[in-house]
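A.B. asks: Sharing start.cif, mmCIF, C-alpha atoms and all ligand atoms:
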```cif
data_coords
loop_
_atom_site.label_atom_id
_atom_site.label_comp_id
_atom_site.auth_asym_id
_atom_site.auth_seq_id
_atom_site.Cartn_x
_atom_site.Cartn_y
_atom_site.Cartn_z
CA LYS D 1038 92.30 79.79 114.46
CA LYS D 1039 90.09 82.72 115.48
CA GLU D 1040 91.46 82.41 119.01
CA GLU D 1041 95.03 82.53 117.71
CA LEU D 1042 94.26 85.68 115.72
CA LYS D 1043 92.82 87.32 118.82
CA THR D 1044 96.28 87.16 120.40
CA PHE D 1045 97.29 89.82 117.87
CA ILE D 1046 94.82 92.35 119.29
CA GLY D 1047 96.58 95.27 120.89
CA LYS D 1048 99.95 94.28 119.41
CA LYS D 1049 102.10 96.42 117.18
CA THR D 1050 102.36 95.35 113.55
CA ILE D 1051 105.99 94.32 113.33
CA SER D 1052 107.89 91.99 111.02
CA LYS D 1053 110.11 89.12 112.18
CA ASP D 1054 113.14 91.34 111.65
CA GLY D 1055 111.68 94.32 113.49
CA LYS D 1056 110.16 96.54 110.82
CA VAL D 1057 107.10 98.37 112.18
CA VAL D 1058 104.26 99.20 109.79
CA GLU D 1059 100.68 100.28 110.24
CA ILE D 1060 97.48 98.44 109.35
CA GLY D 1061 94.51 100.72 108.79
CA CYS D 1062 91.03 99.94 107.56
CA ASN D 1063 88.84 100.81 104.60
CA ILE D 1064 85.38 102.07 105.52
CA GLY D 1065 82.36 103.45 103.69
CA SER D 1066 80.53 105.01 106.62
CA PRO D 1067 80.89 105.80 110.33
CA LYS D 1068 78.84 102.63 110.98
CA ASP D 1069 81.80 100.51 109.90
CA LEU D 1070 83.90 101.81 112.80
CA GLU D 1071 82.51 99.06 115.00
CA TYR D 1072 84.37 96.48 112.88
CA VAL D 1073 87.51 98.59 112.82
CA LEU D 1074 87.63 98.77 116.61
CA ASP D 1075 86.72 95.07 117.04
CA ASN D 1076 89.55 94.05 114.73
CA ASP D 1077 92.06 96.50 116.16
CA GLY D 1078 92.62 98.62 113.05
CA GLU D 1079 95.37 101.15 113.72
CA GLY D 1080 93.62 103.90 111.82
CA ILE D 1081 91.46 104.53 108.79
CA GLY D 1082 93.48 104.20 105.59
CA LEU D 1083 90.53 104.91 103.33
CA TYR D 1084 87.16 106.42 104.11
CA ARG D 1085 85.32 106.27 100.79
CA SER D 1086 83.31 109.47 101.22
CA GLU D 1087 81.18 108.82 98.13
CA PHE D 1088 79.01 106.45 100.19
CA LEU D 1089 77.78 109.52 102.04
CA PHE D 1090 76.53 110.82 98.69
CA MET D 1091 74.80 107.59 97.60
CA ASP D 1092 71.26 106.39 98.34
CA ARG D 1093 69.79 109.85 98.64
CA LYS D 1094 68.19 112.44 96.39
CA LYS D 1095 70.57 115.39 96.69
CA PHE D 1096 74.03 116.36 97.86
CA PRO D 1097 74.70 116.17 101.59
CA ASN D 1098 75.22 119.73 102.84
CA GLU D 1099 78.31 120.99 104.65
CA GLU D 1100 76.87 120.31 108.10
CA GLU D 1101 75.90 116.72 107.29
CA GLN D 1102 79.32 116.03 105.83
CA PHE D 1103 81.07 117.74 108.73
CA LEU D 1104 79.20 115.58 111.25
CA SER D 1105 80.12 112.32 109.48
CA TYR D 1106 83.79 113.22 109.21
CA LYS D 1107 83.87 114.50 112.79
CA THR D 1108 82.31 111.27 114.08
CA VAL D 1109 84.97 109.16 112.41
CA LEU D 1110 87.81 111.39 113.62
CA GLU D 1111 86.52 111.47 117.18
CA LYS D 1112 85.88 107.74 117.39
CA MET D 1113 89.39 107.03 116.11
CA ASN D 1114 90.67 109.11 118.98
CA GLY D 1115 93.79 110.66 117.47
CA LYS D 1116 94.67 107.73 115.22
CA PRO D 1117 95.21 108.62 111.55
CA VAL D 1118 92.08 108.94 109.40
CA VAL D 1119 92.46 109.22 105.63
CA ILE D 1120 89.29 110.64 104.07
CA ARG D 1121 89.08 110.46 100.31
CA THR D 1122 87.21 113.23 98.53
CA LEU D 1123 84.28 112.36 96.30
CA ASP D 1124 85.19 109.55 93.89
CA VAL D 1125 82.18 109.51 91.59
CA GLY D 1126 81.94 107.91 88.13
CA GLY D 1127 83.22 104.69 86.59
CA ASP D 1128 81.94 101.94 88.85
CA LYS D 1129 80.58 104.48 91.36
CA ASN D 1130 77.20 105.86 90.34
CA ILE D 1131 75.37 108.62 92.22
CA SER D 1132 71.85 109.12 90.86
CA TYR D 1133 71.59 112.92 91.15
CA ILE D 1134 75.06 113.60 89.70
CA LYS D 1135 74.33 113.81 86.02
CA ILE D 1136 77.32 112.67 84.04
CA PRO D 1137 76.60 112.71 80.29
CA LYS D 1138 76.63 109.25 78.72
CA GLU D 1139 80.16 108.31 77.75
CA ASP D 1140 81.65 105.53 75.64
CA ASN D 1141 84.37 104.94 78.25
CA PRO D 1142 83.17 106.04 81.68
CA PHE D 1143 86.26 104.59 83.39
CA LEU D 1144 88.34 106.95 81.25
CA GLY D 1145 85.92 109.81 81.55
CA TYR D 1146 84.47 112.53 83.66
CA ARG D 1147 84.88 111.33 87.21
CA ALA D 1148 86.38 111.76 90.69
CA ILE D 1149 88.85 114.66 90.94
CA ARG D 1150 88.01 115.62 87.35
CA TYR D 1151 84.38 116.12 88.29
CA CYS D 1152 85.28 117.96 91.51
CA LEU D 1153 87.65 120.40 89.82
CA LYS D 1154 85.01 121.27 87.23
CA ASN D 1155 82.42 121.77 89.99
CA PRO D 1156 84.24 123.85 92.60
CA ASP D 1157 80.99 124.82 94.34
CA ILE D 1158 80.33 121.17 95.15
CA PHE D 1159 83.97 120.40 95.92
CA LYS D 1160 84.32 123.36 98.28
CA VAL D 1161 81.42 122.18 100.44
CA GLN D 1162 83.31 118.94 101.04
CA ILE D 1163 86.67 120.61 101.61
CA ARG D 1164 85.17 123.07 104.10
CA ALA D 1165 83.50 120.19 105.96
CA LEU D 1166 86.80 118.30 106.05
CA LEU D 1167 88.81 121.28 107.28
CA ARG D 1168 86.30 121.98 110.03
CA ALA D 1169 86.38 118.30 111.04
CA SER D 1170 90.19 118.39 111.21
CA ASN D 1171 89.83 120.01 114.63
CA TYR D 1172 88.55 116.70 116.02
CA GLY D 1173 91.37 114.31 115.22
CA ASN D 1174 94.24 113.31 112.95
CA LEU D 1175 92.94 114.02 109.44
CA LYS D 1176 94.57 113.23 106.14
CA ILE D 1177 92.73 114.49 103.06
CA MET D 1178 93.20 112.33 99.96
CA PHE D 1179 92.36 113.06 96.32
CA PRO D 1180 91.36 110.16 94.03
CA MET D 1181 92.18 109.58 90.36
CA ILE D 1182 95.05 112.02 90.13
CA SER D 1183 96.71 111.75 86.70
CA SER D 1184 98.74 114.97 86.53
CA ILE D 1185 100.48 117.55 88.69
CA GLY D 1186 98.08 120.33 87.65
CA GLU D 1187 95.19 118.52 89.31
CA ILE D 1188 97.06 118.39 92.63
CA ARG D 1189 97.93 122.07 92.44
CA GLN D 1190 94.34 123.04 91.64
CA ALA D 1191 92.97 120.90 94.46
CA LYS D 1192 95.49 122.38 96.90
CA THR D 1193 94.50 125.89 95.81
CA ILE D 1194 90.90 125.05 96.63
CA ILE D 1195 91.97 123.90 100.10
CA GLU D 1196 93.77 127.22 100.60
CA GLU D 1197 90.70 129.16 99.44
CA CYS D 1198 88.45 127.27 101.85
CA LYS D 1199 90.92 127.82 104.69
CA LYS D 1200 90.84 131.58 104.07
CA GLU D 1201 87.04 131.56 103.98
CA LEU D 1202 86.88 129.71 107.28
CA GLU D 1203 89.41 132.05 108.85
CA ASN D 1204 87.33 135.03 107.76
CA GLU D 1205 84.35 133.39 109.41
CA GLY D 1206 86.29 133.08 112.64
CA ILE D 1207 86.76 129.31 112.51
CA ILE D 1208 90.20 128.43 113.79
CA LEU D 1209 91.90 125.29 112.48
CA LYS D 1210 94.02 124.11 115.36
CA ASN D 1211 95.34 120.76 114.13
CA LYS D 1212 97.88 119.89 111.49
CA TYR D 1213 96.40 117.82 108.68
CA GLU D 1214 98.05 116.12 105.73
CA VAL D 1215 97.17 116.25 102.04
CA GLY D 1216 97.86 113.23 99.86
CA ILE D 1217 96.82 111.50 96.68
CA MET D 1218 95.85 108.09 95.47
CA ILE D 1219 98.23 106.61 92.96
CA GLU D 1220 95.91 104.52 90.85
CA ILE D 1221 96.59 105.74 87.31
CA PRO D 1222 99.79 104.68 85.51
CA SER D 1223 100.69 108.27 84.48
CA ALA D 1224 100.75 109.22 88.16
CA ALA D 1225 102.80 106.17 89.07
CA ILE D 1226 105.35 106.94 86.36
CA ILE D 1227 105.85 110.55 87.50
CA SER D 1228 105.50 109.73 91.19
CA ASP D 1229 108.99 111.20 91.76
CA LEU D 1230 107.58 114.58 90.72
CA LEU D 1231 104.19 114.23 92.39
CA ALA D 1232 105.83 113.30 95.71
CA LYS D 1233 107.19 116.85 95.96
CA GLU D 1234 103.64 118.23 96.14
CA VAL D 1235 102.03 116.04 98.80
CA ASP D 1236 102.43 114.54 102.27
CA PHE D 1237 101.66 110.94 101.30
CA PHE D 1238 100.70 108.47 98.61
CA SER D 1239 98.16 105.68 98.88
CA ILE D 1240 98.32 103.10 96.11
CA GLY D 1241 94.92 102.16 94.71
CA THR D 1242 95.59 98.77 93.19
CA ASN D 1243 91.97 98.13 92.21
CA ASP D 1244 92.22 100.82 89.58
CA LEU D 1245 95.99 100.64 89.03
CA ILE D 1246 95.65 97.04 87.85
CA GLN D 1247 92.74 97.94 85.59
CA TYR D 1248 94.50 100.88 83.93
CA THR D 1249 97.94 99.28 83.70
CA SER D 1250 96.58 96.09 82.16
CA ALA D 1251 93.74 97.68 80.16
CA VAL D 1252 91.35 95.25 81.84
CA ASP D 1253 88.02 96.57 83.10
CA ARG D 1254 87.83 95.66 86.79
CA MET D 1255 84.14 94.73 86.37
CA ASN D 1256 84.47 92.54 83.27
CA GLN D 1257 84.02 88.88 84.21
CA THR D 1258 84.82 87.56 80.73
CA ILE D 1259 88.45 88.61 80.93
CA SER D 1260 88.88 88.54 84.69
CA GLU D 1261 91.83 86.13 84.41
CA LEU D 1262 93.80 89.03 82.91
CA TYR D 1263 93.06 91.17 85.95
CA THR D 1264 95.91 90.14 88.23
CA PRO D 1265 98.20 91.85 90.75
CA PHE D 1266 100.89 89.28 89.88
CA HIS D 1267 101.53 90.91 86.49
CA PRO D 1268 105.13 92.10 86.77
CA ALA D 1269 104.16 95.48 85.28
CA VAL D 1270 101.83 96.12 88.20
CA LEU D 1271 104.40 95.01 90.78
CA ARG D 1272 107.15 97.09 89.16
CA LEU D 1273 104.91 100.16 89.33
CA ILE D 1274 104.18 99.51 93.00
CA LYS D 1275 107.91 99.27 93.72
CA LEU D 1276 108.56 102.48 91.78
CA ILE D 1277 105.86 104.40 93.68
CA ILE D 1278 107.21 103.31 97.07
CA GLU D 1279 110.79 104.20 96.09
CA ASN D 1280 109.82 107.60 94.75
CA GLY D 1281 107.79 108.37 97.85
CA HIS D 1282 110.66 107.44 100.14
CA LYS D 1283 113.26 109.37 98.11
CA ASN D 1284 111.11 112.41 98.82
CA ASN D 1285 110.56 111.56 102.48
CA ILE D 1286 106.84 110.92 102.33
CA TRP D 1287 105.04 107.83 103.57
CA VAL D 1288 103.46 105.39 101.15
CA GLY D 1289 100.39 103.31 101.90
CA MET D 1290 98.13 101.05 99.92
CA CYS D 1291 94.34 100.93 100.11
CA GLY D 1292 93.52 98.72 97.12
CA SER D 1293 92.69 95.10 97.90
CA VAL D 1294 96.24 93.91 97.16
CA SER D 1295 97.25 95.24 100.58
CA GLY D 1296 95.16 92.55 102.27
CA ASN D 1297 96.28 89.73 99.98
CA PRO D 1298 98.18 87.14 102.08
CA GLU D 1299 100.29 86.11 99.08
CA LEU D 1300 101.48 89.66 98.47
CA ILE D 1301 101.78 91.17 101.94
CA PRO D 1302 105.37 89.83 102.39
CA LEU D 1303 106.45 91.28 99.05
CA LEU D 1304 104.93 94.68 99.88
CA LEU D 1305 106.68 94.61 103.23
CA GLY D 1306 109.97 93.83 101.47
CA MET D 1307 109.38 96.75 99.13
CA GLY D 1308 109.07 99.04 102.14
CA LEU D 1309 105.35 99.85 102.14
CA ASP D 1310 104.63 101.89 105.28
CA GLU D 1311 100.89 101.48 105.66
CA PHE D 1312 98.46 98.76 104.64
CA SER D 1313 94.74 99.56 104.55
CA MET D 1314 92.15 96.83 104.17
CA ASN D 1315 88.77 95.43 105.09
CA PRO D 1316 88.61 95.23 108.91
CA SER D 1317 88.12 91.44 108.78
CA LYS D 1318 91.64 91.06 107.34
CA VAL D 1319 93.61 93.09 109.86
CA LEU D 1320 94.54 90.43 112.40
CA ASN D 1321 95.53 87.79 109.87
CA SER D 1322 97.66 90.34 108.03
CA ARG D 1323 99.34 91.32 111.30
CA LYS D 1324 100.11 87.65 111.84
CA ILE D 1325 101.58 87.25 108.34
CA ILE D 1326 103.76 90.31 108.86
CA SER D 1327 104.99 88.97 112.21
CA LYS D 1328 106.26 85.88 110.39
CA THR D 1329 107.90 87.73 107.49
CA ASP D 1330 111.56 88.65 107.28
CA ALA D 1331 111.33 91.95 105.37
CA GLY D 1332 115.07 92.13 104.73
CA PHE D 1333 115.15 88.64 103.24
CA ILE D 1334 112.27 89.45 100.87
CA ASN D 1335 113.89 92.75 99.96
CA GLU D 1336 116.93 90.89 98.65
CA LYS D 1337 114.72 88.73 96.43
CA ILE D 1338 112.77 91.56 94.80
CA ASP D 1339 114.88 91.93 91.67
CA GLU D 1340 114.70 88.21 91.02
CA ILE D 1341 110.91 88.23 91.46
CA LEU D 1342 110.28 91.29 89.30
CA ASN D 1343 112.32 89.80 86.49
CA ILE D 1344 109.84 87.01 85.98
CA SER D 1345 107.84 87.97 82.93
CA ASP D 1346 104.76 85.82 83.40
CA ALA D 1347 102.19 86.49 86.12
CA PHE D 1348 101.43 82.82 86.75
CA GLU D 1349 105.10 81.93 87.05
CA LEU D 1350 105.78 84.95 89.21
CA ARG D 1351 103.04 83.93 91.60
CA ASN D 1352 104.47 80.40 91.92
CA THR D 1353 108.02 81.64 92.47
CA LEU D 1354 106.82 84.00 95.15
CA LYS D 1355 105.02 81.11 96.87
CA ASN D 1356 108.18 79.00 96.79
CA ILE D 1357 110.36 81.78 98.17
CA LEU D 1358 107.95 82.16 101.07
C1 LIG D 1401 91.47 101.46 94.33
O1 LIG D 1401 91.19 101.88 93.21
O2 LIG D 1401 92.34 100.60 94.54
C2 LIG D 1401 90.75 101.94 95.51
C3 LIG D 1401 91.16 101.67 96.73
O3 LIG D 1401 89.64 102.67 95.34
P1 LIG D 1401 88.26 102.13 94.76
O4 LIG D 1401 88.27 100.63 94.86
O5 LIG D 1401 87.24 102.79 95.62
O6 LIG D 1401 88.25 102.62 93.36
MG MG D 1402 90.01 103.63 92.74
#
```
Show how you would write the structure in this file as structure tokens.

C.D. replies:
Amino acid sequence: KKEELKTFIGKKTISKDGKVVEIGCNIGSPKDLEYVLDNDGEGIGLYRSEFLFMDRKKFPNEEEQFLSYKTVLEKMNGKPVVIRTLDVGGDKNISYIKIPKEDNPFLGYRAIRYCLKNPDIFKVQIRALLRASNYGNLKIMFPMISSIGEIRQAKTIIEECKKELENEGIILKNKYEVGIMIEIPSAAIISDLLAKEVDFFSIGTNDLIQYTSAVDRMNQTISELYTPFHPAVLRLIKLIIENGHKNNIWVGMCGSVSGNPELIPLLLGMGLDEFSMNPSKVLNSRKIISKTDAGFINEKIDEILNISDAFELRNTLKNIL
């Protein structure tokens, strides 16, 4: 089976009926690039930059951050690299970032909320990212966006950093994109409006499932309620993709649903442009896509999303495939 998968190395990711999509990888550090290259990832769909901030005693400075981002961009050699800005809080703890104790940390002070309230810290990262953009195909992504104001504030900070760098004589020679994760239901619901502000969306199903279903992603006791087959989750995913496309932006997915063999055909039928996953899943996903008729699945979507029960929906989907 491994040998069969190897035949997909170096191939385009293309469905049975000719739809081309991209499979990128999720990484936590430049060290993971080895696996990306071995498994023929077509880019980086999610670089979780918070790992650079973990397991140390203080914030990485601009130079340290710059070097990490630059390494990834250079090694990917012009392929797209989505770097997510600091996503701290909730399940992601960083010892020296003191977040006051909260009753509901998943609903609290975290990610973009923390960064916007600490512009001095945020700007160090944005400056490092902008400087690194000269070394490849960078896409900056903000996590945990729940409103349009947050996007506008974050974009203002990018503009401020750009001016600073210009004044320092640093020339930014490459185009870069700015996008957001859609992982909070409020963002999904107004994705038609948010799409007008950004270059791309990446759907974060790990959190989107948790917030849509009100099921803590870490809670084992109720883990049976944490399912991507809930029609509410799948309807939101469809809505996000449609709203992105109506506004001519690309839509990817970096939550673990994008590497789920049972759901890849459905996502392809919905028109997802980019799938980002653990490197070990790339070749098998490329194989699944090569066997999927995206047009056929597309015609079945309404039928599938009208099934009210997650268990039943999952079985119907299996039968259709
Ligand atoms: C997600 O929420 O789906 C996601 C990709 O980000 P993380 O798992 O890091 O929260
Ligand atoms: Mg998330």

A.B. asks: Would you give me, as a tab-separated table, each residue of chain D having an atom within 7 Å of an atom of ligand MG 1402 (chain D), along with its shortest atom pair and that distance in Å to one decimal, using all atoms listed in the file and sorting by chain and residue number?

C.D. replies:
```
residue	atom	partner	partner_atom	distance
D:Pro1180	CA	D:MG1402	MG	6.8
D:Met1181	CA	D:MG1402	MG	6.8
D:Glu1220	CA	D:MG1402	MG	6.3
D:Gly1241	CA	D:MG1402	MG	5.5
D:Asn1243	CA	D:MG1402	MG	5.9
D:Asp1244	CA	D:MG1402	MG	4.8
```

A.B. asks: Which residue gives the smallest distance to D:Leu1276 among D:Asp1253, D:Arg1147, D:Ala1224, D:Asn1297, with all atoms listed in the file counted?

C.D. replies: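 Among the listed residues, D:Ala1224 lies closest to D:Leu1276.
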
A.B. asks: Near D:Asp1229, within 10 Å and counting only C-alpha atoms, which residues show up once chain neighbours fewer than 3 positions away are dropped, as a ChimeraX atom specification?

C.D. replies: /D:1224-1226,1232-1234,1276-1284

A.B. asks: If you count all atoms listed in the file, which residues fall within 12 Å of D:Val1319, apart from same-chain ones fewer than 4 positions away, as a PDB file with C-alpha atoms, in the coordinates of the input?

C.D. replies:
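What ended up in result26.pdb:
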```
ATOM      1  CA  LEU D1042      94.260  85.680 115.720  1.00  0.00           C
ATOM      2  CA  LYS D1043      92.820  87.320 118.820  1.00  0.00           C
ATOM      3  CA  PHE D1045      97.290  89.820 117.870  1.00  0.00           C
ATOM      4  CA  ILE D1046      94.820  92.350 119.290  1.00  0.00           C
ATOM      5  CA  GLY D1047      96.580  95.270 120.890  1.00  0.00           C
ATOM      6  CA  LYS D1048      99.950  94.280 119.410  1.00  0.00           C
ATOM      7  CA  LYS D1049     102.100  96.420 117.180  1.00  0.00           C
ATOM      8  CA  THR D1050     102.360  95.350 113.550  1.00  0.00           C
ATOM      9  CA  GLU D1059     100.680 100.280 110.240  1.00  0.00           C
ATOM     10  CA  ILE D1060      97.480  98.440 109.350  1.00  0.00           C
ATOM     11  CA  GLY D1061      94.510 100.720 108.790  1.00  0.00           C
ATOM     12  CA  CYS D1062      91.030  99.940 107.560  1.00  0.00           C
ATOM     13  CA  ASN D1063      88.840 100.810 104.600  1.00  0.00           C
ATOM     14  CA  TYR D1072      84.370  96.480 112.880  1.00  0.00           C
ATOM     15  CA  VAL D1073      87.510  98.590 112.820  1.00  0.00           C
ATOM     16  CA  LEU D1074      87.630  98.770 116.610  1.00  0.00           C
ATOM     17  CA  ASP D1075      86.720  95.070 117.040  1.00  0.00           C
ATOM     18  CA  ASN D1076      89.550  94.050 114.730  1.00  0.00           C
ATOM     19  CA  ASP D1077      92.060  96.500 116.160  1.00  0.00           C
ATOM     20  CA  GLY D1078      92.620  98.620 113.050  1.00  0.00           C
ATOM     21  CA  GLU D1079      95.370 101.150 113.720  1.00  0.00           C
ATOM     22  CA  GLY D1080      93.620 103.900 111.820  1.00  0.00           C
ATOM     23  CA  ILE D1081      91.460 104.530 108.790  1.00  0.00           C
ATOM     24  CA  GLY D1082      93.480 104.200 105.590  1.00  0.00           C
ATOM     25  CA  SER D1295      97.250  95.240 100.580  1.00  0.00           C
ATOM     26  CA  GLY D1296      95.160  92.550 102.270  1.00  0.00           C
ATOM     27  CA  ASN D1297      96.280  89.730  99.980  1.00  0.00           C
ATOM     28  CA  PRO D1298      98.180  87.140 102.080  1.00  0.00           C
ATOM     29  CA  ILE D1301     101.780  91.170 101.940  1.00  0.00           C
ATOM     30  CA  GLU D1311     100.890 101.480 105.660  1.00  0.00           C
ATOM     31  CA  PHE D1312      98.460  98.760 104.640  1.00  0.00           C
ATOM     32  CA  SER D1313      94.740  99.560 104.550  1.00  0.00           C
ATOM     33  CA  MET D1314      92.150  96.830 104.170  1.00  0.00           C
ATOM     34  CA  ASN D1315      88.770  95.430 105.090  1.00  0.00           C
ATOM     35  CA  ARG D1323      99.340  91.320 111.300  1.00  0.00           C
ATOM     36  CA  LYS D1324     100.110  87.650 111.840  1.00  0.00           C
ATOM     37  CA  ILE D1325     101.580  87.250 108.340  1.00  0.00           C
ATOM     38  CA  ILE D1326     103.760  90.310 108.860  1.00  0.00           C
TER      39      ILE D1326
END
```

A.B. asks: Give as a PyMOL selection string the residues surrounding ligand LIG 1401 (chain D) up to a distance of 9 Å, considering only C-alpha atoms and all ligand atoms.

C.D. replies: chain D and resi 1063+1083+1085+1087+1124+1127-1129+1180-1181+1218-1221+1239-1247+1290-1294+1313-1314

A.B. asks: Counting all atoms listed in the file, which of D:Lys1176, D:Ala1165, D:Gly1216, D:Glu1111 gets nearest to D:Lys1199?

C.D. replies: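 Of the candidates, the smallest distance to D:Lys1199 is held by D:Ala1165.
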
A.B. asks: Find the residue from D:Asn1130, D:Ser1327, D:Arg1093, D:Asn1174 that sits nearest to D:Lys1116; use all atoms listed in the file when measuring.

C.D. replies: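 For D:Lys1116, the nearest of the candidates is D:Asn1174.
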
A.B. asks: Go through D:Gln1102, D:Ser1170, D:Ser1086, D:Asn1321 one by one, measure the shortest atom-to-atom distance of each to D:Ala1148 using only C-alpha atoms, and give the residue with the smallest value.

C.D. replies: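 Nearest candidate to D:Ala1148 out of D:Gln1102, D:Ser1170, D:Ser1086, D:Asn1321: D:Ser1086.
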
A.B. asks: Name the closest residue to D:Ile1227 among the candidates D:Ser1183, D:Glu1261, D:Leu1089, D:Ala1331; distances are taken between atoms, counting all atoms listed in the file.

C.D. replies: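 Of all the options, D:Ser1183 lies closest to D:Ile1227.
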
A.B. asks: Write out as a ChimeraX atom specification the residues lying within 12 Å of D:Glu1336, counting all atoms listed in the file and excluding same-chain residues fewer than 6 positions away.

C.D. replies: /D:1303,1305-1308,1330,1342,1357

A.B. asks: Restricting the calculation to all atoms listed in the file, which member of D:Glu1099, D:Pro1268, D:Lys1056, D:Pro1316 is positioned closest to D:Leu1070?

C.D. replies: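 Using all atoms listed in the file, the shortest distance to D:Leu1070 belongs to D:Pro1316.
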
A.B. asks: Give me, as a list in words, all polymer residues having an atom no more than 8 Å from D:Tyr1084, counting only C-alpha atoms and skipping those fewer than 3 positions away in the same chain.

C.D. replies: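 Residues meeting the cut-off are Asn1063, Ile1064, Gly1065, Ser1066, Ile1081, Val1118, Val1119, Ile1120 and Arg1121 of chain D.
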
A.B. asks: So what do you get for atom CA of D:Ile1185 versus atom CA of D:Leu1271, distance-wise?

C.D. replies: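 Separation of atom CA of D:Ile1185 and atom CA of D:Leu1271: 23.0 Å.
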
A.B. asks: Between atom CA of D:Tyr1106 and atom CA of D:Asn1204, what is the spacing in Å?

C.D. replies: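 Those two atoms sit 22.1 Å apart.
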
A.B. asks: Atom CA of D:Ile1195 and atom CA of D:Asn1155, how far apart in Å?

C.D. replies: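 If I compute the distance from atom CA of D:Asn1155 to atom CA of D:Ile1195, I get 14.1 Å.
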
A.B. asks: Please identify all polymer residues within 12 Å of D:Ala1269, counting only C-alpha atoms, omitting same-chain residues fewer than 2 positions from it, and present them as a ChimeraX atom specification.

C.D. replies: /D:1222,1225-1226,1245-1251,1263-1267,1271-1276,1341-1347,1350

A.B. asks: Save out the residues we just selected, C-alpha atoms, as an mmCIF file, keeping the file's coordinate frame.

C.D. replies:
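Result file is selection_31.cif:
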```
data_model
loop_
_atom_site.group_PDB
_atom_site.id
_atom_site.type_symbol
_atom_site.label_atom_id
_atom_site.label_comp_id
_atom_site.auth_asym_id
_atom_site.auth_seq_id
_atom_site.Cartn_x
_atom_site.Cartn_y
_atom_site.Cartn_z
ATOM 1 C CA PRO D 1222 99.790 104.680 85.510
ATOM 2 C CA ALA D 1225 102.800 106.170 89.070
ATOM 3 C CA ILE D 1226 105.350 106.940 86.360
ATOM 4 C CA LEU D 1245 95.990 100.640 89.030
ATOM 5 C CA ILE D 1246 95.650 97.040 87.850
ATOM 6 C CA GLN D 1247 92.740 97.940 85.590
ATOM 7 C CA TYR D 1248 94.500 100.880 83.930
ATOM 8 C CA THR D 1249 97.940 99.280 83.700
ATOM 9 C CA SER D 1250 96.580 96.090 82.160
ATOM 10 C CA ALA D 1251 93.740 97.680 80.160
ATOM 11 C CA TYR D 1263 93.060 91.170 85.950
ATOM 12 C CA THR D 1264 95.910 90.140 88.230
ATOM 13 C CA PRO D 1265 98.200 91.850 90.750
ATOM 14 C CA PHE D 1266 100.890 89.280 89.880
ATOM 15 C CA HIS D 1267 101.530 90.910 86.490
ATOM 16 C CA LEU D 1271 104.400 95.010 90.780
ATOM 17 C CA ARG D 1272 107.150 97.090 89.160
ATOM 18 C CA LEU D 1273 104.910 100.160 89.330
ATOM 19 C CA ILE D 1274 104.180 99.510 93.000
ATOM 20 C CA LYS D 1275 107.910 99.270 93.720
ATOM 21 C CA LEU D 1276 108.560 102.480 91.780
ATOM 22 C CA ILE D 1341 110.910 88.230 91.460
ATOM 23 C CA LEU D 1342 110.280 91.290 89.300
ATOM 24 C CA ASN D 1343 112.320 89.800 86.490
ATOM 25 C CA ILE D 1344 109.840 87.010 85.980
ATOM 26 C CA SER D 1345 107.840 87.970 82.930
ATOM 27 C CA ASP D 1346 104.760 85.820 83.400
ATOM 28 C CA ALA D 1347 102.190 86.490 86.120
ATOM 29 C CA LEU D 1350 105.780 84.950 89.210
#
```
